[in-house]
Amino acid sequence: MSSLKKEIIKDVTIFSGGNFAGKIILVFRGIITAKFLGPSMYGLWNALSIILTYSGQAHLGTLSALQKELPYYYAKGENDRAKAISNVVLSFEIITGVIIGLLLFITSFFLQASFALIVGLRVVAVLVLFQLIEYFYYTLLRSEKKFTVLSRLTILYSFTMVALIVPMVIFYGIYGLFTALLIMPLISIFFYTKHTDYCFKFVFNFSEIKRLIKIGYPIVSMILLYSLFRSIDKIMIVGFLGKVNLGYYSIAVMVNNFLFLAPSSIADSISPRMFGKLGEMDNTQGLNVYLIKPTITQAYFISVLTGLAVIAAEFVIKAFLIEYMVSFPLVIILCFGSFFVSIPLLTWSYLVALNKQRNMLPLFGLSILLSITLNYIFIKLGMGITGIAIGTAIASFFYGTSLLGYCALFCFKGIKQRAIFFLKVYSPLFYMLAVVLLINRIFSLYSLLLDNALLCALSKTIILMLFSSPLFFYINKTMGVLTLFCALFKRKTHAG
């Protein structure tokens with residue numbers, strides 16, 4: 001195995017491992033929150049979270065430019081230049097965060113809404129600034145390839161969040177959640193600053209900000225359109241079906257977000273190396289190694305994870321969230337549909353490295369239009385949140401296929417090679433979908449097993465893992481992931 005492949009797999013394993021551990025802890029928090037808030041208040045908070053999704057891009061592309069420039073200048077050995085850019089970006093983020101926060105806070109005084117919604121909007125107004133600062137330090141540590149530090153911080157942060165939020169929600173409901181959410185970013189920022197040598201200096205350089213926006217604006221435009229694509233289903237549910245239905249739908253979204261962690265961790269681990277390579281060579285040759293095999297490998301891994309997530313979600317809903325049982329069909333639809341959104345994440349960095357990011361904008365626009373059209377049609381047909389999930393899954397398939405197809409134009413010369421690439425990426429998902437449907441069909445014939453949620457989940461997991469063995473074999477054969485993971489585990493065990 002090449003040293004580059006070992007380094008990539010090691011980074012992904014460490015970073016993803018920490019993120020997975022942290023996310024599992026946060027899923028527990030999500031279950032408690034959904035249980036004690038109920039569908040209505042849980043839906044209200046998820047509606048407010050949409051505002052945070054969009055306000056997170058208040059940096060206007062400067063942070064997106066930083067994600068590209070830091071690894072580039074680090075690779076060139078120009079650390080002072082990297083530090084100067086970092087100061088400008090954080091200074092600009094503080095300014096924009098304060099402005100947007102004030103606008104939201106003032107708006108809350110003119111709303112004719114429930115007291116909980118007004119308080120929630122004021123909390124979001126404060127969180128806008130905190131979120132931007134968190135994003136900055138995360139980008140800084142990631143660009144420095146401090147994946148072990150990020151992994152440990154993620155786990156520590158997740159434990160702290162659960163320890164704070166769970167009792168606050170149990171005793172004080174939605175207002176306890178609001179209070180905890182105001183405290184957590186301060187703890188997070190404290191953790192980040194303790195693990196970096198970066199010392200902030202306020203610098204407002206208009207010409208540098210203008211240059212960074214010019215670089216990052218196409219990227220942040222993509223992110224905004226992507227955020228709209230990812231949230232249009234929730235926006236339409238709030239508008240047409242109400243916050244209670246959003247509460248039910250949000251359970252499926254929570255599972256979906258957990259699955260999204262794997263490809264995002266892989267992309268976050270590989271992207272700095274891709275841009276670093278670009279800085280070393282000053283050309284785009286040799287970047288395919290960071291895209292093709294990692295994309296195929298993660299397709300196999302995520303397919304297995306999707307099947308396991310569906311089984312786990314069914315158990316959790318039956319055992320702890322029975323009032324959300326209507327959410328389970330949505331879990332299946334959204335989990336398998338999200339595959340087509342999560343797999344192309346690496347293509348973003350690849351296309352940015354090729355300076356082709358502007359060409360992605362029409363694709364996002366078409367995907368959003370398709371999602372809105374399908375969701376509206378299904379709502380009018382009386383299909384409710386199930387129709388929204390189906391429409392979102394179809395639009396996701398269009399998005400993922402189009403984006404991978406565009407990248408394939410640069411990676412492969414012939415149509416046959418591109419077709420083989422798509423076959424390798426999509427075949428494990430459809431195989432896993434068939435396995436999940438088969439298992440559910442078999443178990444539907446045995447009502448005795450279905451009465452015991454834990455026994456049912458364990459039995460399904462064993463069967464699914466047996467069916468998944470060919471996928472694990474392929475992953476290890478092509479990338480040696482399992483072999484290296486075992487070696488890393490043994491090394492840590494002996495070291496302990």
# chains A, B, ... in the order shown; residues from 1 in each chain; ligands from 1

$ residues_around --residues "Leu224 in chain A" --least-positions-apart "6" --cutoff "10 Å" --atoms "only C-alpha atoms" --output "PyMOL selection string"
chain A and resi 53-57+218+230+364

$ closest_residue --among "A:Leu60, A:Leu361, A:Ala312, A:Ala267" --to "Ser342 in chain A" --atoms "only C-alpha atoms"
A:Ala267

$ closest_residue --among "A:Asn245, A:Ser227, A:Thr107, A:Ser264" --to "Gly38 in chain A" --atoms "only C-alpha atoms"
A:Asn245

$ atom_distance --atom1 "CA of Phe171 in chain A" --atom2 "CA of Ile189 in chain A"
26.5 Å

$ select_by_dssp --residues "range 286-361 of chain A" --states "alpha helix (DSSP H)" --output "PDB file with N, CA and C atoms, in the first residue's frame"
ATOM      1  N   ILE A 292     -11.404   9.351  -7.372  1.00  0.00           N
ATOM      2  CA  ILE A 292     -12.043   8.162  -7.938  1.00  0.00           C
ATOM      3  C   ILE A 292     -12.167   7.032  -6.925  1.00  0.00           C
ATOM      4  N   LYS A 293     -11.038   6.521  -6.432  1.00  0.00           N
ATOM      5  CA  LYS A 293     -11.092   5.394  -5.488  1.00  0.00           C
ATOM      6  C   LYS A 293     -11.765   5.758  -4.167  1.00  0.00           C
ATOM      7  N   PRO A 294     -11.472   6.942  -3.596  1.00  0.00           N
ATOM      8  CA  PRO A 294     -12.191   7.300  -2.367  1.00  0.00           C
ATOM      9  C   PRO A 294     -13.704   7.354  -2.548  1.00  0.00           C
ATOM     10  N   THR A 295     -14.173   7.834  -3.703  1.00  0.00           N
ATOM     11  CA  THR A 295     -15.618   7.907  -3.955  1.00  0.00           C
ATOM     12  C   THR A 295     -16.226   6.517  -4.030  1.00  0.00           C
ATOM     13  N   ILE A 296     -15.571   5.614  -4.735  1.00  0.00           N
ATOM     14  CA  ILE A 296     -16.082   4.242  -4.862  1.00  0.00           C
ATOM     15  C   ILE A 296     -16.063   3.538  -3.505  1.00  0.00           C
ATOM     16  N   THR A 297     -14.966   3.697  -2.776  1.00  0.00           N
ATOM     17  CA  THR A 297     -14.845   3.038  -1.472  1.00  0.00           C
ATOM     18  C   THR A 297     -15.911   3.513  -0.495  1.00  0.00           C
ATOM     19  N   GLN A 298     -16.118   4.827  -0.432  1.00  0.00           N
ATOM     20  CA  GLN A 298     -17.118   5.333   0.505  1.00  0.00           C
ATOM     21  C   GLN A 298     -18.533   4.946   0.076  1.00  0.00           C
ATOM     22  N   ALA A 299     -18.756   4.718  -1.218  1.00  0.00           N
ATOM     23  CA  ALA A 299     -20.071   4.257  -1.676  1.00  0.00           C
ATOM     24  C   ALA A 299     -20.401   2.896  -1.072  1.00  0.00           C
ATOM     25  N   TYR A 300     -19.418   2.018  -1.016  1.00  0.00           N
ATOM     26  CA  TYR A 300     -19.617   0.691  -0.411  1.00  0.00           C
ATOM     27  C   TYR A 300     -19.839   0.818   1.095  1.00  0.00           C
ATOM     28  N   PHE A 301     -19.016   1.635   1.721  1.00  0.00           N
ATOM     29  CA  PHE A 301     -19.112   1.789   3.177  1.00  0.00           C
ATOM     30  C   PHE A 301     -20.439   2.425   3.584  1.00  0.00           C
ATOM     31  N   ILE A 302     -20.835   3.486   2.887  1.00  0.00           N
ATOM     32  CA  ILE A 302     -22.061   4.205   3.239  1.00  0.00           C
ATOM     33  C   ILE A 302     -23.294   3.355   2.963  1.00  0.00           C
ATOM     34  N   SER A 303     -23.232   2.495   1.962  1.00  0.00           N
ATOM     35  CA  SER A 303     -24.364   1.607   1.677  1.00  0.00           C
ATOM     36  C   SER A 303     -24.632   0.684   2.861  1.00  0.00           C
ATOM     37  N   VAL A 304     -23.567   0.110   3.417  1.00  0.00           N
ATOM     38  CA  VAL A 304     -23.721  -0.748   4.603  1.00  0.00           C
ATOM     39  C   VAL A 304     -24.229   0.074   5.779  1.00  0.00           C
ATOM     40  N   LEU A 305     -23.661   1.243   5.962  1.00  0.00           N
ATOM     41  CA  LEU A 305     -24.066   2.110   7.067  1.00  0.00           C
ATOM     42  C   LEU A 305     -25.538   2.507   6.946  1.00  0.00           C
ATOM     43  N   THR A 306     -26.000   2.700   5.724  1.00  0.00           N
ATOM     44  CA  THR A 306     -27.406   3.051   5.500  1.00  0.00           C
ATOM     45  C   THR A 306     -28.327   1.935   5.969  1.00  0.00           C
ATOM     46  N   GLY A 307     -27.981   0.700   5.618  1.00  0.00           N
ATOM     47  CA  GLY A 307     -28.783  -0.433   6.063  1.00  0.00           C
ATOM     48  C   GLY A 307     -28.824  -0.548   7.576  1.00  0.00           C
ATOM     49  N   LEU A 308     -27.672  -0.374   8.218  1.00  0.00           N
ATOM     50  CA  LEU A 308     -27.610  -0.440   9.684  1.00  0.00           C
ATOM     51  C   LEU A 308     -28.401   0.702  10.325  1.00  0.00           C
ATOM     52  N   ALA A 309     -28.337   1.877   9.712  1.00  0.00           N
ATOM     53  CA  ALA A 309     -29.054   3.035  10.258  1.00  0.00           C
ATOM     54  C   ALA A 309     -30.561   2.826  10.225  1.00  0.00           C
ATOM     55  N   VAL A 310     -31.055   2.204   9.165  1.00  0.00           N
ATOM     56  CA  VAL A 310     -32.491   1.931   9.054  1.00  0.00           C
ATOM     57  C   VAL A 310     -32.936   0.982  10.166  1.00  0.00           C
ATOM     58  N   ILE A 311     -32.147  -0.067  10.408  1.00  0.00           N
ATOM     59  CA  ILE A 311     -32.479  -1.034  11.466  1.00  0.00           C
ATOM     60  C   ILE A 311     -32.437  -0.365  12.837  1.00  0.00           C
ATOM     61  N   ALA A 312     -31.381   0.418  13.083  1.00  0.00           N
ATOM     62  CA  ALA A 312     -31.241   1.099  14.374  1.00  0.00           C
ATOM     63  C   ALA A 312     -32.378   2.091  14.600  1.00  0.00           C
ATOM     64  N   ALA A 313     -32.752   2.816  13.546  1.00  0.00           N
ATOM     65  CA  ALA A 313     -33.829   3.803  13.667  1.00  0.00           C
ATOM     66  C   ALA A 313     -35.156   3.131  14.003  1.00  0.00           C
ATOM     67  N   GLU A 314     -35.406   1.990  13.383  1.00  0.00           N
ATOM     68  CA  GLU A 314     -36.651   1.262  13.666  1.00  0.00           C
ATOM     69  C   GLU A 314     -36.708   0.849  15.139  1.00  0.00           C
ATOM     70  N   PHE A 315     -35.577   0.366  15.657  1.00  0.00           N
ATOM     71  CA  PHE A 315     -35.533  -0.044  17.066  1.00  0.00           C
ATOM     72  C   PHE A 315     -35.767   1.142  18.000  1.00  0.00           C
ATOM     73  N   VAL A 316     -35.069   2.252  17.747  1.00  0.00           N
ATOM     74  CA  VAL A 316     -35.182   3.432  18.615  1.00  0.00           C
ATOM     75  C   VAL A 316     -36.608   3.974  18.617  1.00  0.00           C
ATOM     76  N   ILE A 317     -37.216   4.041  17.440  1.00  0.00           N
ATOM     77  CA  ILE A 317     -38.583   4.569  17.353  1.00  0.00           C
ATOM     78  C   ILE A 317     -39.563   3.663  18.086  1.00  0.00           C
ATOM     79  N   LYS A 318     -39.439   2.345  17.883  1.00  0.00           N
ATOM     80  CA  LYS A 318     -40.358   1.408  18.543  1.00  0.00           C
ATOM     81  C   LYS A 318     -40.153   1.365  20.052  1.00  0.00           C
ATOM     82  N   ALA A 319     -38.903   1.485  20.483  1.00  0.00           N
ATOM     83  CA  ALA A 319     -38.602   1.332  21.909  1.00  0.00           C
ATOM     84  C   ALA A 319     -38.772   2.619  22.711  1.00  0.00           C
ATOM     85  N   PHE A 320     -38.451   3.766  22.102  1.00  0.00           N
ATOM     86  CA  PHE A 320     -38.423   5.010  22.876  1.00  0.00           C
ATOM     87  C   PHE A 320     -39.307   6.132  22.319  1.00  0.00           C
ATOM     88  N   PHE A 328     -40.984   6.357  10.533  1.00  0.00           N
ATOM     89  CA  PHE A 328     -40.102   5.283  10.071  1.00  0.00           C
ATOM     90  C   PHE A 328     -40.074   5.113   8.550  1.00  0.00           C
ATOM     91  N   PRO A 329     -41.224   5.120   7.849  1.00  0.00           N
ATOM     92  CA  PRO A 329     -41.138   5.036   6.381  1.00  0.00           C
ATOM     93  C   PRO A 329     -40.308   6.172   5.780  1.00  0.00           C
ATOM     94  N   LEU A 330     -40.355   7.334   6.425  1.00  0.00           N
ATOM     95  CA  LEU A 330     -39.570   8.475   5.949  1.00  0.00           C
ATOM     96  C   LEU A 330     -38.079   8.210   6.114  1.00  0.00           C
ATOM     97  N   VAL A 331     -37.723   7.496   7.184  1.00  0.00           N
ATOM     98  CA  VAL A 331     -36.320   7.151   7.435  1.00  0.00           C
ATOM     99  C   VAL A 331     -35.767   6.344   6.264  1.00  0.00           C
ATOM    100  N   ILE A 332     -36.508   5.332   5.837  1.00  0.00           N
ATOM    101  CA  ILE A 332     -36.050   4.483   4.731  1.00  0.00           C
ATOM    102  C   ILE A 332     -35.876   5.300   3.458  1.00  0.00           C
ATOM    103  N   ILE A 333     -36.871   6.120   3.140  1.00  0.00           N
ATOM    104  CA  ILE A 333     -36.831   6.907   1.903  1.00  0.00           C
ATOM    105  C   ILE A 333     -35.682   7.910   1.922  1.00  0.00           C
ATOM    106  N   LEU A 334     -35.568   8.673   3.007  1.00  0.00           N
ATOM    107  CA  LEU A 334     -34.550   9.721   3.075  1.00  0.00           C
ATOM    108  C   LEU A 334     -33.140   9.161   3.176  1.00  0.00           C
ATOM    109  N   CYS A 335     -32.977   8.063   3.913  1.00  0.00           N
ATOM    110  CA  CYS A 335     -31.635   7.486   4.073  1.00  0.00           C
ATOM    111  C   CYS A 335     -31.073   7.000   2.746  1.00  0.00           C
ATOM    112  N   PHE A 336     -31.873   6.272   1.994  1.00  0.00           N
ATOM    113  CA  PHE A 336     -31.379   5.783   0.704  1.00  0.00           C
ATOM    114  C   PHE A 336     -31.302   6.917  -0.314  1.00  0.00           C
ATOM    115  N   GLY A 337     -32.188   7.902  -0.205  1.00  0.00           N
ATOM    116  CA  GLY A 337     -32.118   9.045  -1.105  1.00  0.00           C
ATOM    117  C   GLY A 337     -30.923   9.936  -0.832  1.00  0.00           C
ATOM    118  N   SER A 338     -30.530  10.044   0.440  1.00  0.00           N
ATOM    119  CA  SER A 338     -29.421  10.932   0.801  1.00  0.00           C
ATOM    120  C   SER A 338     -28.081  10.429   0.281  1.00  0.00           C
ATOM    121  N   PHE A 339     -28.011   9.150  -0.073  1.00  0.00           N
ATOM    122  CA  PHE A 339     -26.790   8.593  -0.654  1.00  0.00           C
ATOM    123  C   PHE A 339     -26.340   9.436  -1.841  1.00  0.00           C
ATOM    124  N   PHE A 340     -27.297   9.856  -2.665  1.00  0.00           N
ATOM    125  CA  PHE A 340     -26.978  10.580  -3.894  1.00  0.00           C
ATOM    126  C   PHE A 340     -26.568  12.027  -3.623  1.00  0.00           C
ATOM    127  N   VAL A 341     -26.830  12.503  -2.411  1.00  0.00           N
ATOM    128  CA  VAL A 341     -26.399  13.845  -2.027  1.00  0.00           C
ATOM    129  C   VAL A 341     -25.038  13.797  -1.343  1.00  0.00           C
ATOM    130  N   SER A 342     -24.799  12.750  -0.574  1.00  0.00           N
ATOM    131  CA  SER A 342     -23.577  12.674   0.228  1.00  0.00           C
ATOM    132  C   SER A 342     -22.365  12.175  -0.558  1.00  0.00           C
ATOM    133  N   LEU A 345     -19.780  14.647  -2.398  1.00  0.00           N
ATOM    134  CA  LEU A 345     -19.155  15.737  -1.642  1.00  0.00           C
ATOM    135  C   LEU A 345     -17.701  15.982  -2.053  1.00  0.00           C
ATOM    136  N   LEU A 346     -16.976  14.911  -2.336  1.00  0.00           N
ATOM    137  CA  LEU A 346     -15.581  15.072  -2.756  1.00  0.00           C
ATOM    138  C   LEU A 346     -15.467  15.800  -4.088  1.00  0.00           C
ATOM    139  N   THR A 347     -16.509  15.696  -4.914  1.00  0.00           N
ATOM    140  CA  THR A 347     -16.466  16.357  -6.221  1.00  0.00           C
ATOM    141  C   THR A 347     -16.427  17.874  -6.070  1.00  0.00           C
ATOM    142  N   TRP A 348     -16.939  18.374  -4.965  1.00  0.00           N
ATOM    143  CA  TRP A 348     -16.890  19.826  -4.738  1.00  0.00           C
ATOM    144  C   TRP A 348     -15.446  20.322  -4.742  1.00  0.00           C
ATOM    145  N   SER A 349     -14.621  19.712  -3.900  1.00  0.00           N
ATOM    146  CA  SER A 349     -13.221  20.133  -3.803  1.00  0.00           C
ATOM    147  C   SER A 349     -12.498  19.915  -5.127  1.00  0.00           C
ATOM    148  N   TYR A 350     -12.830  18.823  -5.783  1.00  0.00           N
ATOM    149  CA  TYR A 350     -12.201  18.508  -7.071  1.00  0.00           C
ATOM    150  C   TYR A 350     -12.510  19.594  -8.094  1.00  0.00           C
ATOM    151  N   LEU A 351     -13.777  19.983  -8.197  1.00  0.00           N
ATOM    152  CA  LEU A 351     -14.178  20.993  -9.178  1.00  0.00           C
ATOM    153  C   LEU A 351     -13.663  22.379  -8.799  1.00  0.00           C
ATOM    154  N   VAL A 352     -13.564  22.660  -7.495  1.00  0.00           N
ATOM    155  CA  VAL A 352     -12.983  23.933  -7.054  1.00  0.00           C
ATOM    156  C   VAL A 352     -11.506  23.981  -7.440  1.00  0.00           C
ATOM    157  N   ALA A 353     -10.806  22.853  -7.276  1.00  0.00           N
ATOM    158  CA  ALA A 353      -9.393  22.785  -7.668  1.00  0.00           C
ATOM    159  C   ALA A 353      -9.223  23.015  -9.168  1.00  0.00           C
ATOM    160  N   LEU A 361     -23.465  25.762 -10.511  1.00  0.00           N
ATOM    161  CA  LEU A 361     -24.623  26.549 -10.099  1.00  0.00           C
ATOM    162  C   LEU A 361     -25.902  26.189 -10.860  1.00  0.00           C
TER     163      LEU A 361
END

$ residues_around --residues "Ala395 in chain A" --least-positions-apart "3" --cutoff "12 Å" --atoms "only C-alpha atoms" --output "NGL selection string"
:A and (229-230 or 232-233 or 334 or 337-341 or 363-375 or 388-392 or 398-402)

$ write_last_selection --atoms "C-alpha atoms" --output "mmCIF file, in the first residue's frame"
data_model
loop_
_atom_site.group_PDB
_atom_site.id
_atom_site.type_symbol
_atom_site.label_atom_id
_atom_site.label_comp_id
_atom_site.auth_asym_id
_atom_site.auth_seq_id
_atom_site.Cartn_x
_atom_site.Cartn_y
_atom_site.Cartn_z
ATOM 1 C CA PHE A 229 -31.719 22.076 -1.812
ATOM 2 C CA ARG A 230 -31.181 20.289 1.509
ATOM 3 C CA ILE A 232 -36.479 22.994 0.785
ATOM 4 C CA ASP A 233 -38.354 19.934 2.030
ATOM 5 C CA LEU A 334 -34.550 9.721 3.075
ATOM 6 C CA GLY A 337 -32.118 9.045 -1.105
ATOM 7 C CA SER A 338 -29.421 10.932 0.801
ATOM 8 C CA PHE A 339 -26.790 8.593 -0.654
ATOM 9 C CA PHE A 340 -26.978 10.580 -3.894
ATOM 10 C CA VAL A 341 -26.399 13.845 -2.027
ATOM 11 C CA LEU A 363 -27.102 22.060 -11.602
ATOM 12 C CA PHE A 364 -28.094 23.246 -8.130
ATOM 13 C CA GLY A 365 -30.796 25.447 -9.622
ATOM 14 C CA LEU A 366 -32.302 22.570 -11.613
ATOM 15 C CA SER A 367 -32.173 20.248 -8.588
ATOM 16 C CA ILE A 368 -33.981 22.803 -6.412
ATOM 17 C CA LEU A 369 -36.609 23.409 -9.093
ATOM 18 C CA LEU A 370 -37.185 19.666 -9.467
ATOM 19 C CA SER A 371 -37.493 19.221 -5.697
ATOM 20 C CA ILE A 372 -39.996 22.085 -5.345
ATOM 21 C CA THR A 373 -42.066 20.841 -8.286
ATOM 22 C CA LEU A 374 -42.219 17.217 -7.127
ATOM 23 C CA ASN A 375 -42.890 18.130 -3.496
ATOM 24 C CA ILE A 388 -42.157 15.245 0.442
ATOM 25 C CA ALA A 389 -39.656 12.484 1.259
ATOM 26 C CA ILE A 390 -40.206 10.768 -2.107
ATOM 27 C CA GLY A 391 -39.869 14.029 -4.033
ATOM 28 C CA THR A 392 -36.681 14.879 -2.152
ATOM 29 C CA PHE A 398 -30.879 13.769 -10.177
ATOM 30 C CA TYR A 399 -28.428 15.975 -8.269
ATOM 31 C CA GLY A 400 -25.928 13.237 -7.419
ATOM 32 C CA THR A 401 -25.989 11.622 -10.849
ATOM 33 C CA SER A 402 -25.529 14.951 -12.636
#

$ closest_residue --among "A:Met161, A:Cys456, A:Met465, A:Ile94" --to "Ile25 in chain A" --atoms "only C-alpha atoms"
A:Met161

$ atom_distance --atom1 "CA of Ser265 in chain A" --atom2 "CA of Met236 in chain A"
28.8 Å

$ residues_around --residues "Val326 in chain A" --least-positions-apart "4" --cutoff "9 Å" --atoms "only C-alpha atoms" --output "list in words"
Tyr248, Tyr249, Ile322 and Leu330 of chain A

$ write_last_selection --atoms "C-alpha atoms" --output "tab-separated table (two decimals), in the first residue's frame"
chain	number	residue	atom	x	y	z
A	248	TYR	CA	-42.27	13.95	12.69
A	249	TYR	CA	-40.17	14.56	9.59
A	322	ILE	CA	-43.44	5.25	19.61
A	330	LEU	CA	-39.57	8.47	5.95

$ atom_distance --atom1 "CA of Thr160 in chain A" --atom2 "CA of Leu177 in chain A"
13.8 Å

$ decode --residues "range 352-390 of chain A" --atoms "C-alpha atoms" --output "PDB file, in the first residue's frame"
ATOM      1  CA  VAL A 352     -12.983  23.933  -7.054  1.00  0.00           C
ATOM      2  CA  ALA A 353      -9.393  22.785  -7.668  1.00  0.00           C
ATOM      3  CA  LEU A 354     -10.186  22.775 -11.396  1.00  0.00           C
ATOM      4  CA  ASN A 355     -11.849  26.216 -11.071  1.00  0.00           C
ATOM      5  CA  LYS A 356     -15.083  24.733 -12.425  1.00  0.00           C
ATOM      6  CA  GLN A 357     -17.235  25.633  -9.423  1.00  0.00           C
ATOM      7  CA  ARG A 358     -19.295  28.183 -11.363  1.00  0.00           C
ATOM      8  CA  ASN A 359     -20.521  25.437 -13.669  1.00  0.00           C
ATOM      9  CA  MET A 360     -22.160  23.706 -10.705  1.00  0.00           C
ATOM     10  CA  LEU A 361     -24.623  26.549 -10.099  1.00  0.00           C
ATOM     11  CA  PRO A 362     -27.085  25.636 -12.905  1.00  0.00           C
ATOM     12  CA  LEU A 363     -27.102  22.060 -11.602  1.00  0.00           C
ATOM     13  CA  PHE A 364     -28.094  23.246  -8.130  1.00  0.00           C
ATOM     14  CA  GLY A 365     -30.796  25.447  -9.622  1.00  0.00           C
ATOM     15  CA  LEU A 366     -32.302  22.570 -11.613  1.00  0.00           C
ATOM     16  CA  SER A 367     -32.173  20.248  -8.588  1.00  0.00           C
ATOM     17  CA  ILE A 368     -33.981  22.803  -6.412  1.00  0.00           C
ATOM     18  CA  LEU A 369     -36.609  23.409  -9.093  1.00  0.00           C
ATOM     19  CA  LEU A 370     -37.185  19.666  -9.467  1.00  0.00           C
ATOM     20  CA  SER A 371     -37.493  19.221  -5.697  1.00  0.00           C
ATOM     21  CA  ILE A 372     -39.996  22.085  -5.345  1.00  0.00           C
ATOM     22  CA  THR A 373     -42.066  20.841  -8.286  1.00  0.00           C
ATOM     23  CA  LEU A 374     -42.219  17.217  -7.127  1.00  0.00           C
ATOM     24  CA  ASN A 375     -42.890  18.130  -3.496  1.00  0.00           C
ATOM     25  CA  TYR A 376     -45.715  20.487  -4.488  1.00  0.00           C
ATOM     26  CA  ILE A 377     -47.298  17.880  -6.764  1.00  0.00           C
ATOM     27  CA  PHE A 378     -47.128  15.194  -4.072  1.00  0.00           C
ATOM     28  CA  ILE A 379     -48.594  17.561  -1.461  1.00  0.00           C
ATOM     29  CA  LYS A 380     -51.521  18.346  -3.767  1.00  0.00           C
ATOM     30  CA  LEU A 381     -52.013  14.613  -4.306  1.00  0.00           C
ATOM     31  CA  GLY A 382     -52.523  14.285  -0.551  1.00  0.00           C
ATOM     32  CA  MET A 383     -49.322  12.308   0.083  1.00  0.00           C
ATOM     33  CA  GLY A 384     -48.229  14.564   2.973  1.00  0.00           C
ATOM     34  CA  ILE A 385     -44.729  14.238   4.425  1.00  0.00           C
ATOM     35  CA  THR A 386     -44.276  10.864   2.699  1.00  0.00           C
ATOM     36  CA  GLY A 387     -44.701  12.617  -0.640  1.00  0.00           C
ATOM     37  CA  ILE A 388     -42.157  15.245   0.442  1.00  0.00           C
ATOM     38  CA  ALA A 389     -39.656  12.484   1.259  1.00  0.00           C
ATOM     39  CA  ILE A 390     -40.206  10.768  -2.107  1.00  0.00           C
TER      40      ILE A 390
END
